[in-house]
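Source file work_19.cif; content: mmCIF, C-alpha atoms.
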data_data
#
loop_
_atom_site.group_PDB
_atom_site.id
_atom_site.type_symbol
_atom_site.label_atom_id
_atom_site.label_comp_id
_atom_site.auth_asym_id
_atom_site.auth_seq_id
_atom_site.Cartn_x
_atom_site.Cartn_y
_atom_site.Cartn_z
ATOM 1 C CA MET A 1 130.624 106.311 90.983
ATOM 2 C CA ALA A 2 132.051 102.814 90.766
ATOM 3 C CA GLN A 3 134.074 101.483 93.638
ATOM 4 C CA ALA A 4 137.012 99.145 93.107
ATOM 5 C CA SER A 5 136.749 95.818 94.901
ATOM 6 C CA ALA A 6 139.652 93.474 95.367
ATOM 7 C CA PHE A 7 139.762 90.021 96.888
ATOM 8 C CA ASP A 8 142.744 87.935 97.814
ATOM 9 C CA HIS A 9 141.837 84.572 96.296
ATOM 10 C CA SER A 10 144.639 82.865 98.191
ATOM 11 C CA ALA A 11 143.015 83.976 101.460
ATOM 12 C CA SER A 12 140.776 81.664 103.460
ATOM 13 C CA ARG A 13 137.048 81.704 102.885
ATOM 14 C CA GLN A 14 136.588 83.423 106.247
ATOM 15 C CA ALA A 15 139.058 86.153 105.255
ATOM 16 C CA ARG A 16 137.104 86.765 102.042
ATOM 17 C CA TYR A 17 133.903 87.073 104.093
ATOM 18 C CA ASP A 18 135.743 89.631 106.231
ATOM 19 C CA GLN A 19 136.649 91.517 103.044
ATOM 20 C CA LEU A 20 132.981 91.479 101.974
ATOM 21 C CA ASP A 21 131.942 92.784 105.391
ATOM 22 C CA LEU A 22 134.307 95.730 104.952
ATOM 23 C CA GLN A 23 133.529 96.527 101.308
ATOM 24 C CA CYS A 24 129.746 96.097 101.152
ATOM 25 C CA PRO A 25 128.603 99.138 103.134
ATOM 26 C CA ALA A 26 130.514 101.534 100.874
ATOM 27 C CA LEU A 27 129.486 99.842 97.637
ATOM 28 C CA LEU A 28 125.817 99.314 98.471
ATOM 29 C CA SER A 29 124.869 102.930 98.999
ATOM 30 C CA ASP A 30 122.670 103.569 95.961
ATOM 31 C CA ALA A 31 118.986 104.326 96.483
ATOM 32 C CA ASP A 32 118.038 101.739 93.836
ATOM 33 C CA PRO A 33 117.712 98.221 95.302
ATOM 34 C CA VAL A 34 118.263 96.535 91.921
ATOM 35 C CA ALA A 35 121.581 98.355 91.482
ATOM 36 C CA ASN A 36 122.618 97.296 94.989
ATOM 37 C CA GLN A 37 121.604 93.685 94.316
ATOM 38 C CA ALA A 38 123.600 93.690 91.080
ATOM 39 C CA ASN A 39 126.734 95.031 92.761
ATOM 40 C CA PHE A 40 126.409 92.593 95.672
ATOM 41 C CA VAL A 41 126.120 89.669 93.257
ATOM 42 C CA ALA A 42 129.212 90.873 91.378
ATOM 43 C CA MET A 43 131.187 91.231 94.613
ATOM 44 C CA VAL A 44 130.259 87.761 95.844
ATOM 45 C CA ARG A 45 131.120 86.196 92.492
ATOM 46 C CA MET A 46 134.451 88.069 92.459
ATOM 47 C CA ALA A 47 135.222 86.956 96.009
ATOM 48 C CA PHE A 48 134.400 83.272 95.649
ATOM 49 C CA GLY A 49 133.997 82.427 91.944
ATOM 50 C CA TRP A 50 130.882 80.308 92.469
ATOM 51 C CA HIS A 51 128.915 78.949 89.489
ATOM 52 C CA TRP A 52 125.774 81.058 89.994
ATOM 53 C CA VAL A 53 125.041 83.940 92.346
ATOM 54 C CA GLY A 54 121.837 85.958 92.326
ATOM 55 C CA PHE A 55 118.573 87.166 93.741
ATOM 56 C CA TYR A 56 115.000 86.057 93.302
ATOM 57 C CA ARG A 57 112.494 88.774 94.250
ATOM 58 C CA VAL A 58 109.078 88.150 95.797
ATOM 59 C CA VAL A 59 106.561 89.488 93.262
ATOM 60 C CA HIS A 60 102.839 88.637 93.281
ATOM 61 C CA GLY A 61 103.355 85.476 95.340
ATOM 62 C CA GLU A 62 106.181 84.118 93.164
ATOM 63 C CA LEU A 63 109.955 84.340 93.150
ATOM 64 C CA VAL A 64 111.025 86.284 90.065
ATOM 65 C CA LEU A 65 114.590 86.344 88.796
ATOM 66 C CA GLY A 66 116.556 89.429 89.801
ATOM 67 C CA PRO A 67 120.168 90.456 89.250
ATOM 68 C CA PHE A 68 122.506 87.476 88.868
ATOM 69 C CA GLN A 69 125.798 86.294 87.443
ATOM 70 C CA GLY A 70 126.306 82.883 85.927
ATOM 71 C CA PRO A 71 124.505 80.793 83.320
ATOM 72 C CA VAL A 72 120.931 81.445 82.233
ATOM 73 C CA ALA A 73 118.532 80.871 85.127
ATOM 74 C CA CYS A 74 114.936 79.941 85.834
ATOM 75 C CA THR A 75 112.792 83.062 85.463
ATOM 76 C CA ARG A 76 110.098 82.185 88.026
ATOM 77 C CA LEU A 77 110.025 79.863 91.028
ATOM 78 C CA PHE A 78 106.937 78.889 92.971
ATOM 79 C CA LYS A 79 106.051 78.136 96.572
ATOM 80 C CA GLY A 80 106.318 74.498 97.492
ATOM 81 C CA LYS A 81 109.024 73.583 95.006
ATOM 82 C CA GLY A 82 112.779 73.956 95.285
ATOM 83 C CA VAL A 83 115.432 75.302 97.605
ATOM 84 C CA CYS A 84 114.642 78.984 96.988
ATOM 85 C CA ALA A 85 110.975 78.443 97.828
ATOM 86 C CA GLU A 86 111.932 76.581 101.000
ATOM 87 C CA ALA A 87 114.140 79.459 102.206
ATOM 88 C CA TRP A 88 111.353 81.922 101.328
ATOM 89 C CA VAL A 89 108.597 80.017 103.136
ATOM 90 C CA ARG A 90 110.712 78.989 106.157
ATOM 91 C CA ASN A 91 112.280 82.478 106.322
ATOM 92 C CA GLU A 92 115.663 80.954 107.063
ATOM 93 C CA ALA A 93 118.816 79.869 105.299
ATOM 94 C CA VAL A 94 118.803 76.513 103.522
ATOM 95 C CA VAL A 95 122.056 74.660 102.876
ATOM 96 C CA VAL A 96 121.941 71.793 100.388
ATOM 97 C CA PRO A 97 125.229 69.827 100.222
ATOM 98 C CA ASN A 98 124.103 67.770 97.202
ATOM 99 C CA VAL A 99 121.203 69.005 95.063
ATOM 100 C CA ASP A 100 120.644 65.480 93.708
ATOM 101 C CA ASP A 101 119.612 64.425 97.218
ATOM 102 C CA TYR A 102 117.135 67.300 97.642
ATOM 103 C CA PRO A 103 113.531 66.258 96.892
ATOM 104 C CA GLY A 104 111.899 68.631 94.425
ATOM 105 C CA HIS A 105 115.118 70.402 93.445
ATOM 106 C CA VAL A 106 114.476 72.799 90.563
ATOM 107 C CA VAL A 107 117.250 72.309 88.016
ATOM 108 C CA CYS A 108 118.156 75.630 86.437
ATOM 109 C CA SER A 109 121.706 74.500 85.635
ATOM 110 C CA ALA A 110 122.772 70.867 85.355
ATOM 111 C CA GLU A 111 126.242 71.925 86.561
ATOM 112 C CA SER A 112 125.011 72.972 90.024
ATOM 113 C CA ARG A 113 125.958 70.400 92.669
ATOM 114 C CA SER A 114 125.358 72.282 95.964
ATOM 115 C CA GLU A 115 123.291 75.306 96.917
ATOM 116 C CA LEU A 116 122.853 77.928 99.615
ATOM 117 C CA VAL A 117 119.773 80.167 99.768
ATOM 118 C CA LEU A 118 119.109 82.947 102.291
ATOM 119 C CA PRO A 119 116.104 85.186 102.917
ATOM 120 C CA VAL A 120 116.331 88.960 102.458
ATOM 121 C CA ARG A 121 114.025 90.430 105.119
ATOM 122 C CA ASP A 122 112.729 93.836 106.052
ATOM 123 C CA GLU A 123 112.773 95.176 109.609
ATOM 124 C CA GLN A 124 109.491 93.370 110.357
ATOM 125 C CA GLY A 125 110.942 90.040 109.221
ATOM 126 C CA HIS A 126 108.986 89.780 105.944
ATOM 127 C CA VAL A 127 110.890 88.126 103.097
ATOM 128 C CA HIS A 128 111.222 90.397 100.051
ATOM 129 C CA ALA A 129 113.761 88.287 98.147
ATOM 130 C CA VAL A 130 116.111 85.349 98.469
ATOM 131 C CA PHE A 131 119.835 85.331 97.783
ATOM 132 C CA ASP A 132 120.844 82.138 95.966
ATOM 133 C CA VAL A 133 124.338 80.707 95.475
ATOM 134 C CA ASP A 134 125.137 77.551 93.490
ATOM 135 C CA SER A 135 128.444 75.700 93.302
ATOM 136 C CA THR A 136 129.695 73.038 90.913
ATOM 137 C CA ALA A 137 131.253 71.225 93.903
ATOM 138 C CA ILE A 138 129.318 68.875 96.166
ATOM 139 C CA GLY A 139 129.369 70.008 99.796
ATOM 140 C CA ASP A 140 130.720 73.476 99.024
ATOM 141 C CA PHE A 141 128.480 75.217 101.592
ATOM 142 C CA ASP A 142 128.003 74.672 105.305
ATOM 143 C CA GLN A 143 126.338 76.359 108.263
ATOM 144 C CA GLN A 144 129.270 78.768 108.638
ATOM 145 C CA ASP A 145 128.632 80.045 105.096
ATOM 146 C CA ALA A 146 124.945 80.418 105.896
ATOM 147 C CA ASP A 147 125.702 82.279 109.132
ATOM 148 C CA ARG A 148 128.235 84.662 107.551
ATOM 149 C CA PHE A 149 126.008 85.505 104.589
ATOM 150 C CA GLN A 150 122.883 85.857 106.720
ATOM 151 C CA ARG A 151 124.651 88.226 109.098
ATOM 152 C CA LEU A 152 125.869 90.323 106.150
ATOM 153 C CA ILE A 153 122.508 90.299 104.371
ATOM 154 C CA ASP A 154 120.704 91.230 107.585
ATOM 155 C CA ALA A 155 123.155 94.131 108.066
ATOM 156 C CA VAL A 156 122.809 95.550 104.534
ATOM 157 C CA GLY A 157 119.505 93.962 103.443
ATOM 158 C CA SER A 158 117.461 97.145 103.553
ATOM 159 C CA CYS A 159 119.457 98.387 100.541
ATOM 160 C CA PHE A 160 118.118 95.378 98.574
ATOM 161 C CA ILE A 161 114.447 96.184 99.265
ATOM 162 C CA ASP A 162 112.194 98.588 97.390
ATOM 163 C CA ASN A 163 110.428 100.118 100.368
ATOM 164 C CA ALA A 164 107.656 101.413 98.115
ATOM 165 C CA LYS A 165 106.573 97.843 97.381
ATOM 166 C CA SER A 166 105.234 95.199 99.726
ATOM 167 C CA PRO A 167 106.566 91.618 99.452
ATOM 168 C CA HIS A 168 102.971 90.500 99.121
ATOM 169 C CA VAL A 169 102.207 92.649 96.045
#

Go through the file and emit its structure as structure tokens.
Amino acid sequence: MAQASAFDHSASRQARYDQLDLQCPALLSDADPVANQANFVAMVRMAFGWHWVGFYRVVHGELVLGPFQGPVACTRLFKGKGVCAEAWVRNEAVVVPNVDDYPGHVVCSAESRSELVLPVRDEQGHVHAVFDVDSTAIGDFDQQDADRFQRLIDAVGSCFIDNAKSPHV
């Protein structure tokens, strides 16, 4: 059953994070992690209107495109190159205020100006996916965004993981 989500776009960014915190547990209750990822992406895009919002899943030692909203994206990303790979390998959030200043940035959309990527971890701390957000505005993300999203993803992250599969498969 679909759940209605509403966001007050005149509210502060922090208030919209608070709305996400309240709405996510009810919406992300399906047993299918892909369905939960898709609904989370839709909620985040509805709340903030960013250029690109989505997941890359760890599959056979690569990051493979998962559910997303926005323009066409890179299908596969590899260790050692790009913001998503850095968040995956470091197992921590990466905030990039200006993608043009990031060495090795992988350009999936020429309109992206800033980026935030966060790891999606299991209870043992293994990264199974990364959550990627791109904005058309330079400096659109900061450490507060990283902290709020990481706290939310850590709280609901198990619903994004297929427990039958290892991140190293």

Applying 12 Å and all atoms listed in the file, which residues near Met43 in chain A remain after dropping the ones on its own chain fewer than 6 positions away? List them as number ranges by chain. A: 3-7, 16-17, 19-25, 27-28, 36-37, 49-50, 53-54, 68-69

Could you jot down the CA of Ala129 in chain A to CA of Gln14 in chain A separation for me, Å, one decimal place?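 CA of Gln14 in chain A lies 24.7 Å from CA of Ala129 in chain A.
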
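Of the listed residues (A:Arg151, A:His128, A:Arg13, A:Arg45), A:His128 comes nearest to Arg57 in chain A; the distances count all atoms listed in the file.
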
Residues of range 43-68 of chain A that have any atom at most 9 Å from an atom of range 84-107 of chain A: could you tabulate them with the shortest-distance atom pair and the distance in Å to one decimal, using all atoms listed in the file, ordered by chain and increasing number, as a tab-separated table?
residue	atom	partner	partner_atom	distance
A:Tyr56	CA	A:Cys84	CA	8.0
A:Val58	CA	A:Trp88	CA	8.6
A:Glu62	CA	A:Ala85	CA	8.8
A:Leu63	CA	A:Ala85	CA	7.6

Residues around (129.3, 77.9, 86.4), cut-off 9 Å, counting all atoms listed in the file - what are they as a VMD selection string? chain A and resid 49 to 52 70 to 71 109 111 to 112 134 to 136

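CA of Val34 in chain A to CA of Cys74 in chain A spans 18.0 Å [interatomic distance, one decimal].
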